[in-house]
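Asks: Below is the file model.cif, with mmCIF, C-alpha atoms.
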```
data_my_file
loop_
_atom_site.label_atom_id
_atom_site.label_comp_id
_atom_site.auth_asym_id
_atom_site.auth_seq_id
_atom_site.Cartn_x
_atom_site.Cartn_y
_atom_site.Cartn_z
CA MET P 9 19.59 40.54 -54.17
CA ARG P 10 16.83 38.60 -55.92
CA ARG P 11 17.76 35.46 -53.91
CA ILE P 12 17.71 37.41 -50.64
CA ALA P 13 14.30 38.87 -51.48
CA ILE P 14 12.89 35.43 -52.23
CA MET P 15 14.29 33.99 -48.98
CA THR P 16 12.94 36.94 -46.98
CA ALA P 17 9.48 36.51 -48.50
CA ALA P 18 9.53 32.78 -47.77
CA LEU P 19 10.56 33.42 -44.16
CA LEU P 20 7.77 35.95 -43.69
CA LEU P 21 5.23 33.53 -45.12
CA TRP P 22 6.48 30.76 -42.81
CA MET P 23 6.29 33.04 -39.75
CA THR P 24 2.78 34.14 -40.73
CA GLY P 25 1.70 30.54 -41.06
CA LEU P 26 3.28 29.62 -37.73
CA SER P 27 1.49 32.51 -36.01
CA GLN P 28 -1.82 31.44 -37.49
CA ALA P 29 -1.20 27.81 -36.49
CA GLN P 30 -0.41 28.85 -32.95
CA THR P 31 -3.50 31.04 -32.81
CA VAL P 32 -5.73 28.26 -34.09
CA SER P 33 -4.15 25.76 -31.72
CA SER P 34 -4.62 28.03 -28.73
CA THR P 35 -8.19 28.79 -29.70
CA GLU P 36 -9.12 25.15 -30.24
CA THR P 37 -7.36 23.53 -27.31
CA GLY P 38 -7.79 26.22 -24.65
CA PRO P 39 -11.40 25.41 -23.70
CA ARG P 40 -10.78 21.71 -24.23
CA TRP P 41 -8.11 21.52 -21.53
CA SER P 42 -9.35 24.18 -19.12
CA ASP P 43 -11.51 21.85 -17.03
CA TRP P 44 -8.89 19.15 -16.44
CA PRO P 45 -8.00 18.47 -12.77
CA ASN P 46 -4.88 20.28 -11.56
CA THR P 47 -3.17 21.28 -8.33
CA ASP P 48 -5.81 23.95 -7.68
CA THR P 49 -8.77 21.63 -8.22
CA VAL P 50 -10.93 21.00 -5.16
CA PHE P 51 -11.99 17.37 -5.09
CA LYS P 52 -15.20 16.42 -3.37
CA PRO P 53 -15.85 12.86 -2.19
CA THR P 54 -18.77 11.06 -3.72
CA ALA P 55 -21.94 11.43 -1.67
CA TYR P 56 -24.18 8.42 -1.12
CA ALA P 57 -27.89 8.66 -0.45
CA SER P 58 -27.86 5.86 2.09
CA ARG P 59 -25.67 3.39 3.91
CA ALA P 60 -27.02 0.66 1.65
CA ASP P 61 -25.80 2.58 -1.41
CA TRP P 62 -22.33 2.90 0.09
CA GLU P 63 -22.18 -0.78 1.06
CA LYS P 64 -23.11 -1.74 -2.49
CA ARG P 65 -20.30 0.46 -3.80
CA ARG P 66 -17.90 -0.93 -1.19
CA GLU P 67 -18.50 -4.49 -2.31
CA TRP P 68 -17.96 -3.50 -5.92
CA LEU P 69 -14.63 -1.86 -5.03
CA ARG P 70 -13.54 -4.89 -3.05
CA GLY P 71 -14.33 -7.08 -6.02
CA GLN P 72 -12.24 -4.86 -8.29
CA VAL P 73 -9.26 -5.04 -5.93
CA ARG P 74 -9.53 -8.82 -5.61
CA PHE P 75 -9.73 -9.23 -9.37
CA ALA P 76 -6.77 -6.89 -10.03
CA ALA P 77 -4.68 -8.71 -7.44
CA GLY P 78 -5.54 -12.14 -8.81
CA LEU P 79 -7.42 -13.05 -5.64
CA ASP P 80 -10.80 -13.82 -7.19
CA PRO P 81 -11.42 -16.46 -6.07
CA GLU P 82 -9.25 -16.29 -2.97
CA PRO P 83 -6.77 -19.07 -2.30
CA PRO P 84 -7.61 -21.42 0.58
CA ARG P 85 -6.89 -20.10 4.07
CA THR P 86 -4.40 -22.74 5.15
CA PRO P 87 -3.12 -23.12 8.75
CA LEU P 88 -1.00 -20.16 9.88
CA ASN P 89 1.44 -22.27 11.92
CA ALA P 90 2.35 -19.11 13.82
CA LYS P 91 5.40 -18.82 16.09
CA ILE P 92 5.93 -16.06 18.67
CA PHE P 93 9.19 -15.82 20.60
CA GLY P 94 12.01 -13.59 21.90
CA ARG P 95 10.04 -11.35 24.27
CA ILE P 96 11.57 -7.99 25.25
CA GLU P 97 9.98 -5.85 27.97
CA GLY P 98 9.96 -2.06 27.80
CA ASP P 99 8.33 0.80 29.68
CA GLY P 100 4.65 -0.05 29.34
CA TYR P 101 5.02 -2.37 26.35
CA THR P 102 6.55 -5.63 25.15
CA ILE P 103 8.05 -6.64 21.79
CA GLU P 104 8.18 -10.16 20.40
CA LYS P 105 9.35 -11.71 17.15
CA ALA P 106 6.64 -13.49 15.18
CA TYR P 107 6.05 -15.25 11.91
CA PHE P 108 3.38 -17.34 10.23
CA GLU P 109 2.65 -18.93 6.86
CA SER P 110 0.30 -16.93 4.64
CA MET P 111 0.21 -20.01 2.42
CA PRO P 112 2.27 -23.18 2.65
CA GLY P 113 5.93 -22.24 2.54
CA VAL P 114 5.46 -18.43 2.43
CA LEU P 115 6.52 -16.79 5.68
CA VAL P 116 5.29 -13.41 6.89
CA CYS P 117 7.68 -12.12 9.55
CA GLY P 118 7.40 -9.18 11.90
CA ASN P 119 7.43 -7.76 15.41
CA LEU P 120 4.49 -8.05 17.76
CA TYR P 121 4.02 -5.13 20.16
CA ARG P 122 1.72 -5.48 23.15
CA PRO P 123 0.72 -3.31 26.11
CA ARG P 124 2.52 -4.55 29.19
CA ASN P 125 0.43 -6.06 31.99
CA ALA P 126 -2.83 -5.46 30.10
CA SER P 127 -5.88 -7.58 30.78
CA GLY P 128 -8.86 -8.51 28.67
CA LYS P 129 -9.14 -8.47 24.91
CA ARG P 130 -7.47 -5.56 23.15
CA PRO P 131 -7.94 -3.86 19.80
CA ALA P 132 -5.25 -4.71 17.26
CA VAL P 133 -3.48 -2.78 14.50
CA ALA P 134 -1.70 -4.17 11.44
CA CYS P 135 1.24 -1.93 10.58
CA PRO P 136 2.66 -2.26 7.03
CA HIS P 137 5.75 -0.16 6.27
CA GLY P 138 6.64 1.92 3.24
CA HIS P 139 9.48 1.89 0.71
CA TRP P 140 12.26 2.40 3.21
CA ALA P 141 15.58 0.59 3.09
CA LYS P 142 15.21 -0.87 6.59
CA GLY P 143 11.54 -1.72 6.26
CA ARG P 144 9.73 -2.43 9.51
CA ILE P 145 12.77 -1.52 11.64
CA THR P 146 13.21 1.95 10.12
CA HIS P 147 14.01 4.31 12.98
CA GLU P 148 14.93 7.81 11.82
CA GLU P 149 14.34 11.38 12.91
CA ARG P 150 11.78 11.90 10.13
CA GLY P 151 9.89 8.73 10.99
CA SER P 152 10.09 5.57 13.08
CA ILE P 153 8.10 2.35 12.75
CA PRO P 154 9.10 1.10 16.23
CA ALA P 155 8.07 4.45 17.78
CA ARG P 156 4.68 4.27 16.06
CA CYS P 157 4.10 0.71 17.26
CA ILE P 158 5.31 1.38 20.81
CA THR P 159 3.00 4.39 21.04
CA LEU P 160 0.00 2.34 19.91
CA ALA P 161 0.91 -0.45 22.33
CA LYS P 162 1.18 1.97 25.25
CA LEU P 163 -2.26 3.26 24.27
CA GLY P 164 -3.57 -0.29 24.70
CA ALA P 165 -3.43 -1.89 21.24
CA VAL P 166 -1.75 -5.08 20.06
CA VAL P 167 0.34 -4.13 17.01
CA PHE P 168 1.98 -6.27 14.33
CA ALA P 169 4.63 -4.56 12.18
CA TYR P 170 5.31 -6.93 9.33
CA ASP P 171 7.55 -7.16 6.26
CA MET P 172 6.35 -6.08 2.87
CA VAL P 173 7.25 -8.58 0.15
CA GLY P 174 11.00 -8.54 -0.46
CA TYR P 175 11.97 -6.52 2.64
CA ASN P 176 13.87 -7.63 5.73
CA ASP P 177 13.22 -11.32 6.41
CA SER P 178 10.86 -11.59 3.42
CA GLY P 179 13.76 -10.66 1.15
CA LYS P 180 15.28 -14.06 1.81
CA GLN P 181 12.31 -15.63 -0.01
CA LEU P 182 10.88 -13.13 -2.48
CA ASP P 183 11.81 -10.10 -4.59
CA HIS P 184 10.11 -6.75 -4.07
CA ARG P 185 10.47 -5.10 -7.46
CA ALA P 186 8.22 -6.21 -10.30
CA ALA P 187 11.17 -7.21 -12.49
CA GLY P 188 12.06 -9.94 -10.03
CA TRP P 189 8.64 -11.53 -10.47
CA SER P 190 9.48 -12.45 -14.03
CA GLU P 191 12.05 -14.90 -12.69
CA PRO P 192 10.88 -18.53 -12.98
CA ALA P 193 11.31 -19.19 -9.24
CA ASN P 194 8.92 -16.37 -8.31
CA ALA P 195 6.47 -17.25 -11.07
CA LEU P 196 5.98 -20.64 -9.44
CA TRP P 197 3.93 -19.01 -6.67
CA GLY P 198 1.24 -18.18 -9.22
CA PHE P 199 0.81 -14.60 -7.95
CA SER P 200 1.72 -11.08 -8.97
CA MET P 201 3.57 -9.04 -6.36
CA LEU P 202 0.35 -7.11 -5.68
CA GLY P 203 -1.50 -10.36 -5.15
CA MET P 204 1.14 -11.81 -2.83
CA GLN P 205 1.38 -8.63 -0.75
CA THR P 206 -2.38 -8.26 -0.47
CA TRP P 207 -2.80 -11.89 0.52
CA ASN P 208 -0.05 -11.54 3.13
CA GLY P 209 -1.88 -8.53 4.57
CA THR P 210 -5.15 -10.44 4.59
CA ARG P 211 -3.53 -13.24 6.56
CA VAL P 212 -1.99 -10.69 8.96
CA ILE P 213 -5.54 -9.82 9.95
CA ASP P 214 -6.28 -13.53 10.39
CA PHE P 215 -3.16 -13.82 12.56
CA LEU P 216 -4.17 -10.91 14.78
CA GLN P 217 -7.71 -12.24 15.15
CA SER P 218 -6.29 -15.59 16.26
CA LEU P 219 -4.41 -14.12 19.23
CA PRO P 220 -6.08 -14.80 22.59
CA ASP P 221 -5.65 -11.22 23.83
CA VAL P 222 -7.16 -9.59 20.71
CA ASP P 223 -10.79 -8.61 20.16
CA PRO P 224 -11.37 -9.94 16.61
CA ARG P 225 -14.04 -7.30 15.98
CA ARG P 226 -11.65 -4.39 16.52
CA ILE P 227 -8.88 -4.59 13.91
CA GLY P 228 -7.29 -1.56 12.29
CA VAL P 229 -4.57 -0.92 9.71
CA THR P 230 -2.19 2.02 9.48
CA GLY P 231 0.81 2.78 7.30
CA ALA P 232 2.64 5.45 5.32
CA SER P 233 3.89 5.58 1.73
CA GLY P 234 3.67 2.01 0.40
CA GLY P 235 2.19 1.05 3.76
CA GLY P 236 -0.54 3.61 3.13
CA THR P 237 -1.31 1.91 -0.17
CA GLN P 238 -1.59 -1.42 1.63
CA THR P 239 -3.85 0.21 4.20
CA PHE P 240 -6.50 1.31 1.72
CA ILE P 241 -6.21 -1.91 -0.30
CA LEU P 242 -6.87 -4.00 2.79
#
```
Turn this file's structure into structure tokens for me.

Replies:
Amino acid sequence: MRRIAIMTAALLLWMTGLSQAQTVSSTETGPRWSDWPNTDTVFKPTAYASRADWEKRREWLRGQVRFAAGLDPEPPRTPLNAKIFGRIEGDGYTIEKAYFESMPGVLVCGNLYRPRNASGKRPAVACPHGHWAKGRITHEERGSIPARCITLAKLGAVVFAYDMVGYNDSGKQLDHRAAGWSEPANALWGFSMLGMQTWNGTRVIDFLQSLPDVDPRRIGVTGASGGGTQTFIL
């Protein structure tokens, strides 16, 4: 009986201490964590007093992206050596295969969509894809890269849907996942995957601006998922 009484007293003391610890913890940490962002938090974009203030911030952000990607300074913009071939004509649009060199020996491949029988210089759209098994040729009920590009072409834009690093034709040269970039062969390029992908996208814009039917002042980018990330990075 004496042993049971001692154990009971010890248990009560432990429970009392636990209750006090929980009370103290709740009291101390409640206010500390209450103002953290959560799913109910309304985020407001930063307001700038003037266009000059925003442009200053924009340049700072661009510098941060370049530095993080290993593109500060940028590598030289070598000849693209672009090839366009295999034209297919559709209802109000055409599709061609295209590739160019973002740097010597690195090919960026894709499909070039154009409005059919259009005249004059057209706006252009770079179209990076997301993390989908079929990359730029993904055509599913929930989403279709070709449908997006055809729609934009029929609206009058020149569109280039191109491979992200390690997808489709690019997969024959480079790995997509970060682990693959630790391989000696990939390390020889001297880039991270972020740097290589961002540089490829930068040269996509150069490629579009070089086309005779494109207005170089009107270039846009659109994408979803990983392609959305590339959109705001570019």

Asks: Which residues would end up in the selection if the PyMOL selection byres ((chain P and resi 208-210) around 10) were applied here, given that I need the answer as a PyMOL selection string?

Replies: chain P and resi 85+108-111+114-116+134-136+170-173+202-207+211-215+229+238-239+241-242

Asks: Between P:Ser218, P:His139, P:Gly228, P:Arg95, single out the one closest to Leu160 of chain P, counting all atoms listed in the file.

Replies: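 Closest to Leu160 of chain P, using all atoms listed in the file: P:Gly228.
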
Asks: Just the residues within 8 Å of segment 144-158 of chain P, please, counting all atoms listed in the file, with nothing from its chain fewer than 2 positions along; format it as a ChimeraX atom specification.

Replies: /P:101,118,121,135-137,140-142,160-162,167-171,176

Asks: Enter the distance from atom CA of Ile103 of chain P to atom CA of Val133 of chain P, in Å, rounded to one decimal.

Replies: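 Between these atoms lies a distance of 14.2 Å.
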
Asks: Just checking: using all atoms listed in the file, which residue out of P:Ile227, P:Leu216, P:Ala60, P:Ala126 ends up closest to Tyr107 of chain P?

Replies: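 Checking each of P:Ile227, P:Leu216, P:Ala60, P:Ala126 against Tyr107 of chain P, counting all atoms listed in the file, the winner is P:Leu216.
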
Asks: Could you state the separation of atom CA of Asp99 of chain P and atom CA of Ala132 of chain P in Å, given to one decimal place?

Replies: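 Those two atoms sit 19.2 Å apart.
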
Asks: Between P:Gly138, P:Gly164, P:Pro45, P:Pro87, which is the closest to Gly100 of chain P once you count all atoms listed in the file?

Replies: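 The answer is P:Gly164, which sits nearest to Gly100 of chain P.
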
Asks: Report the distance between atom CA of Pro131 of chain P and atom CA of Thr159 of chain P in Å, rounded to one decimal place.

Replies: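 So the two atoms, atom CA of Pro131 of chain P and atom CA of Thr159 of chain P, lie 13.8 Å apart.
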
Asks: Have a look at P:Val73, P:Ala165, P:Met201, P:Ile96 and name the one nearest to Asp223 of chain P; count all atoms listed in the file.

Replies: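 Comparing P:Val73, P:Ala165, P:Met201, P:Ile96 against Asp223 of chain P, the winner is P:Ala165.
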